[in-house]
>>> print(open('upload-v3.cif').read())   # mmCIF, C-alpha atoms
data_entry
loop_
_atom_site.label_atom_id
_atom_site.label_comp_id
_atom_site.auth_asym_id
_atom_site.auth_seq_id
_atom_site.Cartn_x
_atom_site.Cartn_y
_atom_site.Cartn_z
CA ALA A 1 -196.68 107.19 -47.16
CA VAL A 2 -195.09 106.53 -50.54
CA VAL A 3 -191.61 106.59 -49.07
CA PHE A 4 -192.44 103.51 -46.98
CA LYS A 5 -193.96 101.54 -49.83
CA GLY A 6 -190.87 99.48 -50.60
CA ALA A 7 -189.40 99.32 -47.14
CA LYS A 8 -189.23 96.22 -45.01
CA GLN A 9 -191.62 96.26 -42.04
CA GLY A 10 -188.78 96.26 -39.53
CA ASP A 11 -187.14 99.23 -41.24
CA VAL A 12 -190.42 101.15 -41.24
CA GLU A 13 -191.10 100.48 -37.56
CA LEU A 14 -187.57 101.55 -36.68
CA ALA A 15 -187.84 104.72 -38.75
CA GLU A 16 -191.22 105.62 -37.24
CA ALA A 17 -189.89 105.01 -33.75
CA LEU A 18 -186.94 107.28 -34.37
CA GLY A 19 -189.15 109.87 -36.00
CA ASN A 20 -186.32 111.45 -37.99
CA GLU A 21 -187.26 112.28 -41.58
CA GLY A 22 -183.77 111.45 -42.86
CA THR A 23 -183.87 108.10 -41.10
CA LYS A 24 -187.28 107.36 -42.65
CA LEU A 25 -185.97 108.14 -46.12
CA PHE A 26 -182.90 105.99 -45.51
CA ALA A 27 -184.98 103.03 -44.29
CA SER A 28 -187.30 103.34 -47.27
CA LEU A 29 -184.44 103.45 -49.72
CA ILE A 30 -182.73 100.40 -48.20
CA GLY A 31 -186.05 98.56 -48.20
CA ALA A 32 -186.74 99.40 -51.84
CA LEU A 33 -183.31 98.20 -52.92
CA SER A 34 -183.46 95.02 -50.85
CA SER A 35 -186.93 94.13 -52.17
CA GLY A 36 -185.94 94.75 -55.78
CA ASP A 37 -188.29 97.71 -56.31
CA HIS A 38 -186.00 99.55 -58.71
CA ASN A 39 -188.60 102.14 -59.70
CA LEU A 40 -189.26 103.29 -56.15
CA ALA A 41 -185.55 103.34 -55.40
CA SER A 42 -184.98 105.63 -58.40
CA ILE A 43 -187.83 107.93 -57.34
CA LEU A 44 -186.42 108.18 -53.85
CA LEU A 45 -182.98 109.02 -55.18
CA GLU A 46 -183.94 112.53 -56.21
CA ARG A 47 -181.46 115.25 -55.51
CA SER A 48 -183.45 116.60 -52.59
CA ILE A 49 -183.57 113.22 -50.90
CA PHE A 50 -179.91 112.53 -51.69
CA LEU A 51 -178.86 115.69 -49.88
CA ARG A 52 -180.87 114.78 -46.79
CA LEU A 53 -179.02 111.55 -46.16
CA LYS A 54 -175.90 111.44 -44.01
CA PRO A 55 -172.57 110.20 -45.42
CA HIS A 56 -172.70 106.86 -43.61
CA GLN A 57 -176.26 106.35 -44.87
CA LEU A 58 -175.20 107.07 -48.45
CA VAL A 59 -172.36 104.58 -48.12
CA LYS A 60 -174.81 101.94 -46.88
CA VAL A 61 -177.22 102.69 -49.74
CA LEU A 62 -174.38 102.34 -52.26
CA ILE A 63 -173.26 99.04 -50.71
CA VAL A 64 -176.78 97.57 -50.75
CA ALA A 65 -177.29 98.67 -54.36
CA MET A 66 -174.08 96.94 -55.42
CA GLU A 67 -174.78 93.81 -53.37
CA GLU A 68 -178.17 93.58 -55.07
CA ARG A 69 -176.39 94.08 -58.42
CA ASN A 70 -178.58 97.10 -59.12
CA HIS A 71 -175.99 98.66 -61.41
CA SER A 72 -178.37 101.28 -62.78
CA PHE A 73 -179.05 102.63 -59.29
CA ALA A 74 -175.35 102.70 -58.47
CA ALA A 75 -174.81 104.59 -61.72
CA GLN A 76 -177.49 107.08 -60.66
CA MET A 77 -175.66 107.71 -57.42
CA LEU A 78 -172.50 108.27 -59.41
CA ASP A 79 -174.32 110.76 -61.64
CA LEU A 80 -175.51 112.70 -58.61
CA GLU A 81 -172.13 112.57 -56.87
CA PRO A 82 -169.49 111.90 -59.56
CA ASP A 83 -166.59 111.86 -57.08
CA LEU A 84 -168.46 110.06 -54.29
CA GLN A 85 -167.43 112.92 -52.07
CA PHE A 86 -169.63 111.74 -49.22
CA ILE A 87 -166.96 109.17 -48.38
CA SER A 88 -164.48 111.95 -47.73
CA CYS A 89 -166.70 113.15 -44.88
CA TYR A 90 -165.52 110.27 -42.74
CA ARG A 91 -162.82 110.89 -40.18
CA SER A 92 -159.35 110.28 -41.54
CA ASP A 93 -158.87 107.22 -39.32
CA GLU A 94 -162.07 105.65 -40.73
CA ARG A 95 -161.71 106.62 -44.35
CA GLN A 96 -159.33 103.90 -45.47
CA SER A 97 -161.44 101.10 -44.01
CA VAL A 98 -164.60 102.49 -45.64
CA VAL A 99 -162.92 102.76 -49.03
CA ASN A 100 -161.57 99.21 -48.69
CA ASP A 101 -164.99 97.77 -47.89
CA VAL A 102 -166.85 99.61 -50.63
CA LEU A 103 -164.12 98.93 -53.18
CA ASP A 104 -164.07 95.20 -52.43
CA ILE A 105 -167.83 94.98 -52.94
CA ALA A 106 -167.68 97.08 -56.11
CA LEU A 107 -165.04 94.79 -57.60
CA SER A 108 -166.73 91.55 -56.55
CA LYS A 109 -170.09 92.69 -57.93
CA ASP A 110 -168.60 93.96 -61.21
CA CYS A 111 -169.41 97.59 -60.47
CA ASP A 112 -166.20 98.66 -62.18
CA SER A 113 -167.30 102.26 -62.77
CA ILE A 114 -167.66 102.71 -59.01
CA ALA A 115 -164.33 100.97 -58.43
CA TRP A 116 -162.48 103.34 -60.75
CA VAL A 117 -163.93 106.36 -58.96
CA LEU A 118 -163.04 104.94 -55.55
CA MET A 119 -159.47 104.30 -56.59
CA ALA A 120 -159.11 107.78 -58.06
CA GLN A 121 -160.54 109.24 -54.88
CA ALA A 122 -158.22 107.13 -52.76
CA ILE A 123 -155.22 108.56 -54.55
CA ASN A 124 -156.52 112.13 -54.86
CA PHE A 125 -157.46 112.38 -51.20
CA GLN A 126 -154.36 110.47 -50.14
CA PHE A 127 -156.37 107.74 -48.45
CA TYR A 128 -153.38 105.70 -49.61
CA SER A 129 -149.92 106.83 -50.41
CA LEU A 130 -148.28 105.35 -53.48
CA GLU A 131 -146.16 103.29 -51.08
CA SER A 132 -149.15 101.73 -49.35
CA ILE A 133 -151.42 101.04 -52.30
CA THR A 134 -150.94 97.32 -51.71
CA THR A 135 -154.44 96.81 -50.34
CA VAL A 136 -156.13 98.23 -53.43
CA LEU A 137 -153.95 96.13 -55.70
CA TYR A 138 -154.71 92.99 -53.70
CA LEU A 139 -158.47 93.60 -53.93
CA ALA A 140 -158.22 94.11 -57.69
CA MET A 141 -156.01 91.04 -58.04
CA LYS A 142 -158.30 88.91 -55.90
CA ASN A 143 -161.30 89.90 -58.00
CA ARG A 144 -159.33 89.39 -61.22
CA LYS A 145 -159.72 92.83 -62.75
CA ARG A 146 -156.96 92.97 -65.30
CA ASP A 147 -157.41 96.58 -66.46
CA ILE A 148 -157.50 97.87 -62.91
CA VAL A 149 -154.48 95.82 -61.85
CA ARG A 150 -152.45 97.02 -64.81
CA ALA A 151 -153.43 100.63 -64.14
CA LEU A 152 -152.32 100.33 -60.52
CA LEU A 153 -149.00 98.79 -61.54
CA GLU A 154 -148.35 101.84 -63.70
CA PHE A 155 -147.79 103.75 -60.47
CA LYS A 156 -144.82 101.41 -59.79
CA PRO A 157 -145.75 101.25 -56.12
CA ASN A 158 -143.36 100.21 -53.41
CA PHE A 159 -145.35 97.31 -52.02
CA SER A 160 -145.90 97.09 -48.30
CA GLY A 161 -148.70 96.30 -45.89
CA ARG A 162 -150.80 93.39 -44.72
CA TYR A 163 -151.47 92.07 -48.23
CA GLU A 164 -147.88 92.18 -49.42
CA TRP A 165 -147.46 88.41 -49.72
CA SER A 166 -151.07 87.73 -50.76
CA ILE A 167 -150.72 89.75 -53.96
CA TRP A 168 -148.30 87.32 -55.53
CA GLU A 169 -150.33 84.30 -54.44
CA ALA A 170 -153.51 85.80 -55.89
CA ALA A 171 -151.70 86.58 -59.14
CA MET A 172 -150.39 83.04 -59.51
CA GLU A 173 -153.74 81.46 -58.65
CA TRP A 174 -155.35 83.71 -61.25
CA GLY A 175 -152.75 82.70 -63.81
CA ASP A 176 -153.25 85.65 -66.17
CA ASP A 177 -150.09 85.72 -68.29
CA ILE A 178 -150.46 89.43 -69.12
CA VAL A 179 -150.63 90.40 -65.44
CA MET A 180 -147.80 88.02 -64.57
CA ASN A 181 -145.66 89.58 -67.27
CA ASP A 182 -146.39 93.04 -65.87
CA LEU A 183 -145.28 91.87 -62.43
CA PHE A 184 -142.07 90.41 -63.82
CA GLN A 185 -141.31 93.41 -66.00
CA GLY A 186 -141.95 95.79 -63.13
CA GLY A 187 -139.61 93.95 -60.79
CA HIS A 188 -142.30 93.37 -58.16
CA TYR A 189 -141.31 89.70 -57.65
CA THR A 190 -138.20 90.84 -55.77
CA THR A 191 -140.41 92.34 -53.08
CA PHE A 192 -142.71 89.51 -52.16
CA THR A 193 -141.88 86.23 -53.85
CA SER A 194 -140.84 83.23 -51.78
CA THR A 195 -139.75 79.64 -52.26
CA ASN A 196 -143.39 78.63 -51.91
CA ASP A 197 -144.18 80.69 -55.01
CA LEU A 198 -141.55 78.75 -56.94
CA ARG A 199 -143.06 75.51 -55.68
CA PHE A 200 -146.50 76.65 -56.78
CA ALA A 201 -145.16 77.36 -60.26
CA VAL A 202 -143.54 73.92 -60.44
CA ASN A 203 -146.64 72.14 -59.16
CA GLU A 204 -148.81 73.98 -61.67
CA GLY A 205 -146.45 73.01 -64.47
CA ARG A 206 -145.60 76.67 -65.10
CA MET A 207 -141.83 76.42 -65.33
CA ASN A 208 -141.86 79.62 -67.38
CA TRP A 209 -142.93 81.46 -64.21
CA PHE A 210 -140.27 79.58 -62.23
CA TRP A 211 -137.54 80.81 -64.55
CA ASP A 212 -139.02 84.28 -65.00
CA ILE A 213 -138.89 84.82 -61.25
CA LEU A 214 -135.29 83.63 -61.03
CA LYS A 215 -133.90 85.35 -64.10
CA SER A 216 -135.43 88.62 -63.00
CA SER A 217 -133.90 88.37 -59.52
CA SER A 218 -130.47 89.54 -58.49
CA ALA A 219 -127.72 86.92 -58.35
CA ASP A 220 -127.46 87.25 -54.57
CA SER A 221 -131.20 86.95 -53.92
CA PRO A 222 -132.14 84.14 -51.47
CA ILE A 223 -134.74 83.03 -54.03
CA TRP A 224 -131.93 81.21 -55.89
CA TRP A 225 -131.19 79.17 -52.78
CA GLY A 226 -134.86 78.32 -52.59
CA ALA A 227 -134.77 77.12 -56.19
CA GLY A 228 -131.79 74.89 -55.37
CA ALA A 229 -133.71 73.48 -52.39
CA ILE A 230 -136.62 72.59 -54.68
CA ALA A 231 -134.27 70.74 -57.04
CA VAL A 232 -132.86 68.84 -54.04
CA GLU A 233 -136.35 67.99 -52.77
CA MET A 234 -137.33 66.69 -56.22
CA ASP A 235 -134.03 64.82 -56.62
CA ASP A 236 -133.86 66.59 -59.97
CA LEU A 237 -130.16 66.79 -60.84
CA PRO A 238 -130.75 68.15 -64.39
CA LEU A 239 -132.70 71.05 -62.89
CA LEU A 240 -129.97 71.57 -60.30
CA ASP A 241 -127.32 71.66 -63.05
CA GLU A 242 -129.37 74.19 -65.02
CA LEU A 243 -129.71 76.36 -61.93
CA ILE A 244 -125.96 76.20 -61.28
CA ALA A 245 -125.29 77.12 -64.91
CA HIS A 246 -127.41 80.25 -64.47
CA ASN A 247 -126.07 81.19 -61.04
CA ILE A 248 -123.17 79.47 -59.28
CA GLU A 249 -124.47 80.89 -55.96
CA VAL A 250 -127.13 78.16 -56.01
CA LEU A 251 -124.34 75.80 -55.02
CA SER A 252 -124.03 77.17 -51.51
CA GLY A 253 -123.02 75.87 -48.13
CA TRP A 254 -126.63 76.38 -47.10
CA LEU A 255 -127.84 73.96 -49.81
CA LEU A 256 -125.30 71.37 -48.69
CA TYR A 257 -126.48 71.84 -45.11
CA TYR A 258 -130.12 71.43 -46.17
CA ALA A 259 -129.35 68.22 -48.05
CA THR A 260 -127.35 66.84 -45.10
CA TRP A 261 -130.28 67.51 -42.79
CA GLU A 262 -133.21 66.40 -44.96
CA TYR A 263 -131.98 64.65 -48.11
CA PRO A 264 -128.69 62.82 -47.39
CA LEU A 265 -128.94 60.70 -50.56
CA ILE A 266 -128.23 63.76 -52.67
CA VAL A 267 -125.18 64.87 -50.66
CA LYS A 268 -122.82 62.87 -52.87
CA PRO A 269 -123.86 64.47 -56.20
CA LEU A 270 -123.88 67.84 -54.45
CA LEU A 271 -120.33 67.35 -53.22
CA GLU A 272 -119.24 66.32 -56.72
CA ARG A 273 -120.64 69.56 -58.09
CA PHE A 274 -119.17 71.47 -55.14
CA GLN A 275 -115.68 70.21 -56.01
CA LYS A 276 -115.99 70.88 -59.75
CA ALA A 277 -117.57 74.32 -59.42
CA TYR A 278 -116.05 77.35 -61.07
CA PRO A 279 -115.34 79.75 -59.55
CA PRO A 280 -114.28 77.22 -56.91
CA ARG A 281 -116.41 76.95 -53.79
CA HIS A 282 -114.50 77.75 -50.63
CA PRO A 283 -114.00 74.70 -48.37
CA ASP A 284 -115.22 76.70 -45.39
CA ASP A 285 -118.67 76.90 -47.04
CA ALA A 286 -119.12 73.18 -46.39
CA TRP A 287 -118.36 73.37 -42.68
CA PRO A 288 -121.88 74.05 -41.39
CA ALA A 289 -122.94 70.83 -43.13
CA ILE A 290 -119.91 68.99 -41.75
CA ARG A 291 -120.72 70.10 -38.22
CA LEU A 292 -124.30 69.02 -38.71
CA ALA A 293 -123.23 65.60 -39.95
CA ILE A 294 -121.06 65.18 -36.86
CA GLU A 295 -123.93 66.14 -34.59
CA LEU A 296 -126.25 63.68 -36.36
CA TYR A 297 -123.81 60.75 -35.99
CA PRO A 298 -124.31 57.75 -36.08
CA LYS A 299 -127.34 58.37 -38.29
CA SER A 300 -125.11 60.36 -40.63
CA SER A 301 -122.15 57.96 -40.75
CA GLU A 302 -122.31 57.49 -44.54
CA THR A 303 -122.61 61.23 -45.05
CA LEU A 304 -119.55 61.83 -42.87
CA ASP A 305 -117.58 59.34 -44.95
CA LEU A 306 -118.47 61.40 -48.02
CA PHE A 307 -117.22 64.60 -46.40
CA PHE A 308 -113.90 63.04 -45.37
CA ALA A 309 -113.46 61.50 -48.82
CA SER A 310 -114.23 64.80 -50.53
CA GLY A 311 -111.02 66.49 -49.40
CA LEU A 312 -112.95 69.44 -48.00
CA ILE A 313 -111.72 68.69 -44.48
CA THR A 314 -108.12 69.84 -44.31
CA ARG A 315 -105.87 70.99 -41.47
CA GLU A 316 -106.35 74.56 -42.69
CA SER A 317 -110.13 74.24 -42.70
CA ILE A 318 -109.98 72.76 -39.21
CA ASN A 319 -107.96 75.73 -38.01
CA ASN A 320 -110.45 78.09 -39.64
CA ASN A 321 -113.47 76.36 -38.15
CA ARG A 322 -112.73 75.67 -34.52
CA LEU A 323 -115.83 74.95 -32.50
CA GLU A 324 -116.80 76.55 -29.25
CA LYS A 325 -116.01 74.16 -26.41
CA ASP A 326 -119.61 74.22 -25.20
CA SER A 327 -121.09 73.44 -28.60
CA PRO A 328 -122.89 70.11 -29.12
CA CYS A 329 -120.56 69.37 -32.04
CA PHE A 330 -117.39 69.78 -29.97
CA LYS A 331 -118.82 67.70 -27.13
CA ALA A 332 -119.75 64.94 -29.56
CA LEU A 333 -116.19 64.88 -30.85
CA GLU A 334 -114.60 65.08 -27.42
CA GLN A 335 -116.73 62.38 -25.85
CA GLY A 336 -114.62 59.26 -25.45
CA SER A 337 -111.54 61.01 -26.85
CA GLY A 338 -109.86 61.69 -23.55
CA SER A 339 -107.68 64.78 -23.75
CA LEU A 340 -107.86 65.05 -27.53
CA GLY A 341 -109.42 68.23 -28.88
CA LEU A 342 -111.24 68.86 -32.13
CA GLU A 343 -108.16 69.39 -34.27
CA GLU A 344 -106.44 66.24 -33.02
CA CYS A 345 -109.58 64.13 -33.49
CA LEU A 346 -110.14 65.19 -37.06
CA SER A 347 -106.43 65.05 -37.86
CA LEU A 348 -106.49 61.34 -37.06
CA PHE A 349 -109.14 60.84 -39.72
CA ILE A 350 -107.37 62.98 -42.30
CA PHE A 351 -103.77 61.96 -41.94
CA GLU A 352 -104.14 58.33 -40.88
CA GLY A 353 -106.76 57.66 -43.54
CA ALA A 354 -109.19 56.37 -40.98
CA SER A 355 -112.79 55.66 -41.97
CA PHE A 356 -115.82 55.07 -39.81
CA HIS A 357 -116.35 51.73 -41.52
CA ALA A 358 -113.42 50.64 -43.68
CA GLY A 359 -110.62 51.97 -41.50
CA GLY A 360 -111.68 50.33 -38.30
CA TYR A 361 -111.54 53.54 -36.27
CA ASP A 362 -113.34 53.35 -32.94
CA ASP A 363 -116.90 54.60 -33.60
CA THR A 364 -117.38 55.43 -29.93
CA LEU A 365 -115.29 58.53 -30.47
CA PHE A 366 -118.36 60.14 -32.07
CA ALA A 367 -121.06 58.33 -30.12
#
>>> encode(input="upload-v3.cif", output="structure tokens")
Amino acid sequence: AVVFKGAKQGDVELAEALGNEGTKLFASLIGALSSGDHNLASILLERSIFLRLKPHQLVKVLIVAMEERNHSFAAQMLDLEPDLQFISCYRSDERQSVVNDVLDIALSKDCDSIAWVLMAQAINFQFYSLESITTVLYLAMKNRKRDIVRALLEFKPNFSGRYEWSIWEAAMEWGDDIVMNDLFQGGHYTTFTSTNDLRFAVNEGRMNWFWDILKSSSADSPIWWGAGAIAVEMDDLPLLDELIAHNIEVLSGWLLYYATWEYPLIVKPLLERFQKAYPPRHPDDAWPAIRLAIELYPKSSETLDLFFASGLITRESINNNRLEKDSPCFKALEQGSGSLGLEECLSLFIFEGASFHAGGYDDTLFA
């Protein structure tokens, strides 16, 4: 009768109906933990009772103990089973999910001693490979466990998996400078940072993170283009100049295209920097933006004037950038131009000095 003393009535009725002694012990133990009867729970957790419970029952007991923040009981379970070997009794296809669930609860309820054992077991029993340890790191990051995060980063894992992008977001939201420094020093930003992470850093006033991410990235990383886009969005020319000084690749045809599409007022200062850049930017880099401006005409008439005035449109660049005859850009040029093709149309603008506005050229050519 004593084993049912702390159990909830529903648990007792279920256990009696099933009639299995192990089930009765399990129900009693869950009931004692849920009702806060720590003494009875400790009595029930004698070695003989512990051995009579099935692995999934032991996992449930451990979870309930942690959820109830009964750290002393969880420690008792750890004393009886230092390696929590009962988890390894699960099928291999279930093991990882079980470890994830128990580890998340252990971390969120500050049962760090259990968490350390689970992580060691995960590695020892190869529940995770070092390449797929991302989930564990995310759970530790989410629950803001600095020591555990730093220990996991010592493995220098190759991040992959469902939480790949969430790790960086959790780290930035946490804002722990020590952890952030570890991520930068370990080169992990190159795996899962994005332009949104740079925006987050700017919005949080953490420009040190903004620059740490960039300076630790390779010169050809797309993250530099993202940084240039942020400067364009903010209309921050000093920031743009600083970015260009660090990496000339920021000043790309893609950035000019982006400005033409979304922020035409900054096209002029971009073109000025494009022309003065060293090493020089190749004129062909500007052509995607030029084509876009043509397609957007007449909305982009002022932007087109800037491109023609810039000197980037030359006969050589025209020859290098012929458009497919079925492209929207070519059709826009050809419409109203009779038999004239792309080269002839643009040559009129270049060599006759025509302008959409000042030169009096027929705007219907690009209508």
>>> atom_distance(input="upload-v3.cif", atom1="CA of Glu169 in chain A", atom2="CA of Glu67 in chain A")
26.3 Å
>>> closest_residue(input="upload-v3.cif", among="A:Met207, A:Leu306, A:Ala75, A:Leu53", to="Cys111 in chain A", atoms="only C-alpha atoms")
A:Ala75
>>> atom_distance(input="upload-v3.cif", atom1="CA of Trp261 in chain A", atom2="CA of Ser301 in chain A")
12.7 Å
>>> axis_aligned_box(input="upload-v3.cif", around="range 58-72 of chain A", padding_each_side="8 Å", output="JSON")
{"center_x": -175.5, "center_y": 100.3, "center_z": -54.8, "size_x": 22.2, "size_y": 29.5, "size_z": 31.9}
>>> resolve_selection(input="upload-v3.cif", expression="the PyMOL selection byres ((chain A and resi 201) around 12)", output="ChimeraX atom specification")
/A:168-169,171-173,175,180,193-200,202-214,227,230
>>> residues_near_point(input="upload-v3.cif", point="(-112.2, 71.7, -51.1)", cutoff="8 Å", atoms="all atoms listed in the file", output="PyMOL selection string")
chain A and resi 275+281-283+310-313
>>> residues_around(input="upload-v3.cif", residues="Glu242 in chain A", least_positions_apart="5", cutoff="12 Å", atoms="only C-alpha atoms", output="short mmCIF file (atom, residue, chain, number, x, y, z; two decimals) with C-alpha atoms, keeping the file's coordinate frame")
data_model
loop_
_atom_site.label_atom_id
_atom_site.label_comp_id
_atom_site.auth_asym_id
_atom_site.auth_seq_id
_atom_site.Cartn_x
_atom_site.Cartn_y
_atom_site.Cartn_z
CA TRP A 211 -137.54 80.81 -64.55
CA LEU A 214 -135.29 83.63 -61.03
CA TRP A 224 -131.93 81.21 -55.89
CA ALA A 227 -134.77 77.12 -56.19
CA GLY A 228 -131.79 74.89 -55.37
CA ALA A 231 -134.27 70.74 -57.04
CA ASP A 236 -133.86 66.59 -59.97
CA LEU A 237 -130.16 66.79 -60.84
CA ASN A 247 -126.07 81.19 -61.04
CA ILE A 248 -123.17 79.47 -59.28
CA VAL A 250 -127.13 78.16 -56.01
CA LEU A 251 -124.34 75.80 -55.02
#
>>> resolve_selection(input="upload-v3.cif", expression="the PyMOL selection byres ((chain A and resi 302) around 12)", output="list in words")
Thr260, Pro264, Leu265, Ile266, Val267, Lys268, Ala293, Ile294, Leu296, Tyr297, Pro298, Lys299, Ser300, Ser301, Thr303, Leu304, Asp305, Leu306, Phe307, Phe308, Ala309, Ser355, Phe356, His357 and Ala358 of chain A
>>> resolve_selection(input="upload-v3.cif", expression="the PyMOL selection byres ((chain A and resi 218) around 12)", output="list in words")
Gly187, Tyr189, Thr190, Thr191, Asp212, Ile213, Leu214, Lys215, Ser216, Ser217, Ala219, Asp220, Ser221, Pro222, Ile223, Trp224, Trp225, His246, Asn247 and Glu249 of chain A
>>> atom_distance(input="upload-v3.cif", atom1="CA of Glu233 in chain A", atom2="CA of Trp254 in chain A")
14.0 Å
>>> residues_around(input="upload-v3.cif", residues="Asn143 in chain A", least_positions_apart="4", cutoff="9 Å", atoms="all atoms listed in the file", output="PDB file with C-alpha atoms, keeping the file's coordinate frame")
ATOM      1  CA  ASP A 104    -164.070  95.200 -52.430  1.00  0.00           C
ATOM      2  CA  LEU A 107    -165.040  94.790 -57.600  1.00  0.00           C
ATOM      3  CA  SER A 108    -166.730  91.550 -56.550  1.00  0.00           C
ATOM      4  CA  ASP A 110    -168.600  93.960 -61.210  1.00  0.00           C
ATOM      5  CA  TYR A 138    -154.710  92.990 -53.700  1.00  0.00           C
ATOM      6  CA  LEU A 139    -158.470  93.600 -53.930  1.00  0.00           C
TER       7      LEU A 139
END
>>> closest_residue(input="upload-v3.cif", among="A:Asp285, A:Ala170, A:Leu44, A:Arg95", to="Val149 in chain A", atoms="only C-alpha atoms")
A:Ala170
>>> closest_residue(input="upload-v3.cif", among="A:Leu80, A:Ser166, A:Leu240, A:Ala289", to="Thr135 in chain A", atoms="all atoms listed in the file")
A:Ser166
